[in-house]
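One structure is given below, encoded as structure tokens.
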Amino acid sequence: MDSFRATTRRHLSTSPFKPRVPDPVKVFEAGQRVSHDKEGLGRVSSVDGTHAVVVDFGGGKLIRFLAPFPKLHAL
């Protein structure tokens, strides 16, 4: 039996806990400076809608990140 659930659990109205608030969607623009938790400082070289961004970290190191960009922060 697989314990992983592909869907999110719904919040019961009788629950004493507050419902989980989804994180806002991060939006990046080409040329914007960003910081990555592992890779360091970089510049967004291209944007693929809200689905992916390509970041140039210098020295020819280009990395494509997919949404929701948890470790990528705008500067």
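How things are named: the first chain in the structure tokens is A, the next is B, and so on; residues count from 1 in each chain; ligands count from 1 in the order shown.
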
**OP:** Within chain A, find each residue whose DSSP state, derived from the backbone, is strand (DSSP E or B), and express the selection as a ChimeraX atom specification.
**Re:** /A:33-36,40-48,52-56,62-66,72-74

**OP:** Can you pull out every residue within 8 Å of A:His51, counting only C-alpha atoms, but drop anything in the same chain fewer than 3 positions away, and send it as a ChimeraX atom specification?
**Re:** /A:48,66-68

Original post:
Any idea what the distance is between atom CA of A:Lys61 and atom CA of A:Leu75?
Top reply: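 Spanning atom CA of A:Lys61 to atom CA of A:Leu75 is a straight-line distance of 19.3 Å.
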
**OP:** Could you give me, as a PyMOL selection string, the residues within 10 Å of A:Arg10, counting only C-alpha atoms and dropping anything in the same chain fewer than 2 positions from it?
**Re:** chain A and resi 7-8+12-13+19-20

Expected file: the selected residues, C-alpha atoms, as an mmCIF file, in the first residue's frame:
data_model
loop_
_atom_site.group_PDB
_atom_site.id
_atom_site.type_symbol
_atom_site.label_atom_id
_atom_site.label_comp_id
_atom_site.auth_asym_id
_atom_site.auth_seq_id
_atom_site.Cartn_x
_atom_site.Cartn_y
_atom_site.Cartn_z
ATOM 1 C CA THR A 7 -3.745 15.280 -3.630
ATOM 2 C CA THR A 8 -3.700 17.676 -0.730
ATOM 3 C CA LEU A 12 -12.302 20.190 7.993
ATOM 4 C CA SER A 13 -14.508 23.007 9.236
ATOM 5 C CA PRO A 19 -6.077 25.914 7.157
ATOM 6 C CA ARG A 20 -2.713 25.923 5.390
#
